[in-house]
Amino acid sequence: MDEAPPPPWRRTSTPRRTSIDTDVVVAAGLELLDAEGVDSLSMRRLAAKLGVSAGLLYRYLNDKDELLDLLLEEVLGEVAPTRSEDWQADLRGLATQIHGALLSHRDVARIAVTRIVPTGPNALRVAEALLECLRRAGLDDDQLSPAADAVSALVQGSALEHGLDPERHLPGEGSVDERLRAIGQYFTSLPATTFPVIRSLGPRMSAGTAEERFAFALDIVVRGIAATVRARA
């Protein structure tokens, strides 16, 4: 299979003569990402973990953005699209794989949402599979990219939210379960005249696992695509 050439806007480096292996750099980068998060990840921290100087690492990578691209590419390499006669099953499977991959490492979803267009080989491969699936659904070519945006926004947004550490991001004190109960009780205590739906839902506002909530939202999007195709026909 032919590989995509590097995009013309990406700065290319001079040939790098270094003993650092790409797989070793990426593995170390993912370990740092899991341990400290994307905000604390730096070229200096990565160099220290690898036991090399930061200057040597900069001979290998242009900057932190290139490192983040490599990390995202590594994670997206886990996605293996399938093709069958059922485009809906293929789309659900692809979106679920991407969602799971983004949740497999800390803050990878944060990296993904900052990449507006796919440029890396794995990102392009995944985007091609998504667009091809939507074309098989029966969408017009003018509709393919916006539809892919809708699927990507759901996948990345869900992964971003469910990848947050509840210990850090849930309000209140106590265990996660205690805080969730307190939040549910707060919702139930809201004025019924102003917030009737939220009050009636109470703890159900945050019920269900990340996988269950994502699967339901994805089903809405898939059915919406199918309805769009039927309406046009």
# chains A, B, ... in the order shown; residues from 1 in each chain; ligands from 1

call {"tool": "residues_around", "arguments": {"residues": "Gly138 (chain A)", "least_positions_apart": "3", "cutoff": "10 Å", "atoms": "only C-alpha atoms", "output": "PyMOL selection string"}}
result
chain A and resi 87+133-135+141+143-144+225-226+228-230+232-233

call {"tool": "residues_around", "arguments": {"residues": "region 202-211 of chain A", "least_positions_apart": "6", "cutoff": "7 Å", "atoms": "only C-alpha atoms", "output": "list in words"}}
result
His162, Arg181, Gly184, Gln185, Phe187 and Thr188 of chain A

call {"tool": "atom_distance", "arguments": {"atom1": "CA of Asp65 (chain A)", "atom2": "CA of Glu161 (chain A)"}}
result
22.4 Å

call {"tool": "residues_around", "arguments": {"residues": "Ser189 (chain A)", "least_positions_apart": "4", "cutoff": "12 Å", "atoms": "only C-alpha atoms", "output": "JSON list (two decimals) with C-alpha atoms, in the first residue's frame"}}
result
[["chain", "number", "residue", "atom", "x", "y", "z"],
["A", 182, "ALA", "CA", -23.82, 14.72, 46.54],
["A", 183, "ILE", "CA", -24.07, 16.11, 43.00],
["A", 184, "GLY", "CA", -27.16, 13.99, 42.34],
["A", 185, "GLN", "CA", -28.75, 15.24, 45.57],
["A", 193, "THR", "CA", -40.15, 25.62, 38.37],
["A", 194, "THR", "CA", -36.79, 26.60, 36.84],
["A", 195, "PHE", "CA", -35.01, 23.24, 36.34],
["A", 196, "PRO", "CA", -37.79, 20.64, 36.04],
["A", 197, "VAL", "CA", -35.88, 18.19, 33.85],
["A", 198, "ILE", "CA", -32.56, 18.30, 35.71],
["A", 199, "ARG", "CA", -34.40, 17.97, 39.04],
["A", 200, "SER", "CA", -36.38, 14.97, 37.78],
["A", 201, "LEU", "CA", -33.24, 13.24, 36.56],
["A", 202, "GLY", "CA", -31.16, 13.84, 39.66],
["A", 203, "PRO", "CA", -28.43, 11.18, 39.92]]

call {"tool": "residues_around", "arguments": {"residues": "Ala28 (chain A)", "least_positions_apart": "2", "cutoff": "8 Å", "atoms": "only C-alpha atoms", "output": "mmCIF file with N, CA and C atoms, in the first residue's frame"}}
result
data_model
loop_
_atom_site.group_PDB
_atom_site.id
_atom_site.type_symbol
_atom_site.label_atom_id
_atom_site.label_comp_id
_atom_site.auth_asym_id
_atom_site.auth_seq_id
_atom_site.Cartn_x
_atom_site.Cartn_y
_atom_site.Cartn_z
ATOM 1 N N VAL A 24 11.573 3.698 20.945
ATOM 2 C CA VAL A 24 11.992 3.983 22.319
ATOM 3 C C VAL A 24 11.529 5.382 22.725
ATOM 4 N N VAL A 25 11.671 6.350 21.828
ATOM 5 C CA VAL A 25 11.244 7.718 22.118
ATOM 6 C C VAL A 25 9.748 7.763 22.365
ATOM 7 N N VAL A 26 8.976 7.125 21.488
ATOM 8 C CA VAL A 26 7.522 7.142 21.618
ATOM 9 C C VAL A 26 7.089 6.436 22.896
ATOM 10 N N LEU A 30 5.008 8.218 25.889
ATOM 11 C CA LEU A 30 3.714 7.758 26.379
ATOM 12 C C LEU A 30 3.760 7.484 27.880
ATOM 13 N N GLU A 31 4.881 6.961 28.369
ATOM 14 C CA GLU A 31 5.019 6.731 29.807
ATOM 15 C C GLU A 31 4.960 8.051 30.570
ATOM 16 N N LEU A 32 5.639 9.065 30.060
ATOM 17 C CA LEU A 32 5.595 10.382 30.699
ATOM 18 C C LEU A 32 4.191 10.980 30.617
ATOM 19 N N LEU A 46 11.628 14.480 28.642
ATOM 20 C CA LEU A 46 11.789 13.269 27.837
ATOM 21 C C LEU A 46 13.266 12.925 27.684
ATOM 22 N N LYS A 49 14.506 11.316 30.809
ATOM 23 C CA LYS A 49 14.029 9.937 30.944
ATOM 24 C C LYS A 49 14.823 8.993 30.051
ATOM 25 N N LEU A 50 15.208 9.489 28.869
ATOM 26 C CA LEU A 50 15.972 8.664 27.938
ATOM 27 C C LEU A 50 17.456 8.628 28.271
#

call {"tool": "select_by_dssp", "arguments": {"residues": "region 39-143 of chain A", "states": "helix (DSSP H, G or I)", "output": "NGL selection string"}}
result
:A and (43-50 or 54-60 or 64-76 or 87-103 or 108-113 or 121-137 or 141-143)

call {"tool": "closest_atom_pairs", "arguments": {"of": "region 163-227 of chain A", "to": "region 94-98 of chain A", "cutoff": "12 Å", "atoms": "only C-alpha atoms", "output": "tab-separated table"}}
result
residue	atom	partner	partner_atom	distance
A:Ala210	CA	A:Thr96	CA	11.3
A:Glu211	CA	A:Thr96	CA	8.6
A:Glu212	CA	A:Thr96	CA	10.9
A:Arg213	CA	A:Thr96	CA	11.7
A:Phe214	CA	A:Thr96	CA	8.3
A:Ala215	CA	A:Thr96	CA	7.7
A:Phe216	CA	A:Thr96	CA	11.3
A:Ala217	CA	A:Ala95	CA	11.2
A:Leu218	CA	A:Ala95	CA	8.0
A:Asp219	CA	A:Ala95	CA	10.6
A:Val221	CA	A:Ala95	CA	10.9
A:Val222	CA	A:Ala95	CA	10.4

call {"tool": "write_last_selection", "arguments": {"atoms": "N, CA and C atoms", "output": "PDB file, in the first residue's frame"}}
result
ATOM      1  N   ALA A 210     -18.764   5.193  30.854  1.00  0.00           N
ATOM      2  CA  ALA A 210     -18.325   5.969  29.697  1.00  0.00           C
ATOM      3  C   ALA A 210     -18.661   5.238  28.408  1.00  0.00           C
ATOM      4  N   GLU A 211     -18.487   3.918  28.401  1.00  0.00           N
ATOM      5  CA  GLU A 211     -18.758   3.137  27.202  1.00  0.00           C
ATOM      6  C   GLU A 211     -20.253   3.141  26.869  1.00  0.00           C
ATOM      7  N   GLU A 212     -21.097   3.021  27.888  1.00  0.00           N
ATOM      8  CA  GLU A 212     -22.545   3.001  27.665  1.00  0.00           C
ATOM      9  C   GLU A 212     -23.040   4.347  27.146  1.00  0.00           C
ATOM     10  N   ARG A 213     -22.574   5.413  27.739  1.00  0.00           N
ATOM     11  CA  ARG A 213     -23.013   6.737  27.324  1.00  0.00           C
ATOM     12  C   ARG A 213     -22.525   7.056  25.905  1.00  0.00           C
ATOM     13  N   PHE A 214     -21.290   6.646  25.604  1.00  0.00           N
ATOM     14  CA  PHE A 214     -20.762   6.879  24.262  1.00  0.00           C
ATOM     15  C   PHE A 214     -21.529   6.067  23.235  1.00  0.00           C
ATOM     16  N   ALA A 215     -21.807   4.812  23.534  1.00  0.00           N
ATOM     17  CA  ALA A 215     -22.515   3.947  22.588  1.00  0.00           C
ATOM     18  C   ALA A 215     -23.902   4.516  22.272  1.00  0.00           C
ATOM     19  N   PHE A 216     -24.579   5.049  23.278  1.00  0.00           N
ATOM     20  CA  PHE A 216     -25.907   5.630  23.051  1.00  0.00           C
ATOM     21  C   PHE A 216     -25.809   6.872  22.167  1.00  0.00           C
ATOM     22  N   ALA A 217     -24.853   7.749  22.467  1.00  0.00           N
ATOM     23  CA  ALA A 217     -24.681   8.963  21.668  1.00  0.00           C
ATOM     24  C   ALA A 217     -24.291   8.622  20.229  1.00  0.00           C
ATOM     25  N   LEU A 218     -23.426   7.628  20.085  1.00  0.00           N
ATOM     26  CA  LEU A 218     -23.008   7.213  18.742  1.00  0.00           C
ATOM     27  C   LEU A 218     -24.196   6.665  17.962  1.00  0.00           C
ATOM     28  N   ASP A 219     -25.061   5.925  18.627  1.00  0.00           N
ATOM     29  CA  ASP A 219     -26.238   5.380  17.962  1.00  0.00           C
ATOM     30  C   ASP A 219     -27.123   6.505  17.429  1.00  0.00           C
ATOM     31  N   VAL A 221     -26.095   9.470  16.433  1.00  0.00           N
ATOM     32  CA  VAL A 221     -25.425  10.031  15.261  1.00  0.00           C
ATOM     33  C   VAL A 221     -25.586   9.104  14.055  1.00  0.00           C
ATOM     34  N   VAL A 222     -25.389   7.810  14.238  1.00  0.00           N
ATOM     35  CA  VAL A 222     -25.509   6.860  13.127  1.00  0.00           C
ATOM     36  C   VAL A 222     -26.926   6.867  12.566  1.00  0.00           C
TER      37      VAL A 222
END

call {"tool": "residues_around", "arguments": {"residues": "Glu132 (chain A)", "least_positions_apart": "3", "cutoff": "12 Å", "atoms": "only C-alpha atoms", "output": "list in words"}}
result
Pro81, Thr82, Arg83, Ser84, Trp87, Asp90, Leu91, Leu94, Leu124, Arg125, Val126, Ala127, Glu128, Ala129, Arg135, Arg136, Ala137, Gly138, Leu139, Asp140, Asp141, Leu144, Ser145, Ala147 and Ala148 of chain A

call {"tool": "atom_distance", "arguments": {"atom1": "CA of Val113 (chain A)", "atom2": "CA of Glu167 (chain A)"}}
result
22.8 Å

call {"tool": "closest_residue", "arguments": {"among": "A:Leu67, A:Ala89, A:Gly100, A:Tyr58", "to": "Ser158 (chain A)", "atoms": "only C-alpha atoms"}}
result
A:Gly100

call {"tool": "atom_distance", "arguments": {"atom1": "CA of Asp21 (chain A)", "atom2": "CA of Leu57 (chain A)"}}
result
11.0 Å

call {"tool": "closest_residue", "arguments": {"among": "A:Gly224, A:Pro8, A:Pro171, A:Gly29", "to": "Ala150 (chain A)", "atoms": "only C-alpha atoms"}}
result
A:Gly224

call {"tool": "residues_around", "arguments": {"residues": "Ala159 (chain A)", "least_positions_apart": "5", "cutoff": "9 Å", "atoms": "only C-alpha atoms", "output": "ChimeraX atom specification"}}
result
/A:99-100,102-103,108-110,154,164,210,214

call {"tool": "write_last_selection", "arguments": {"atoms": "C-alpha atoms", "output": "PDB file, in the first residue's frame"}}
result
ATOM      1  CA  HIS A  99     -12.749   6.227  21.300  1.00  0.00           C
ATOM      2  CA  GLY A 100     -11.043   3.368  23.095  1.00  0.00           C
ATOM      3  CA  LEU A 102      -7.971   7.889  22.830  1.00  0.00           C
ATOM      4  CA  LEU A 103      -8.864   6.657  26.312  1.00  0.00           C
ATOM      5  CA  VAL A 108      -4.288  11.708  24.202  1.00  0.00           C
ATOM      6  CA  ALA A 109      -7.785  13.064  23.550  1.00  0.00           C
ATOM      7  CA  ARG A 110      -6.479  16.543  24.409  1.00  0.00           C
ATOM      8  CA  LEU A 154     -18.494  13.029  19.379  1.00  0.00           C
ATOM      9  CA  LEU A 164     -10.641  13.408  32.979  1.00  0.00           C
ATOM     10  CA  ALA A 210     -18.325   5.969  29.697  1.00  0.00           C
ATOM     11  CA  PHE A 214     -20.762   6.879  24.262  1.00  0.00           C
TER      12      PHE A 214
END
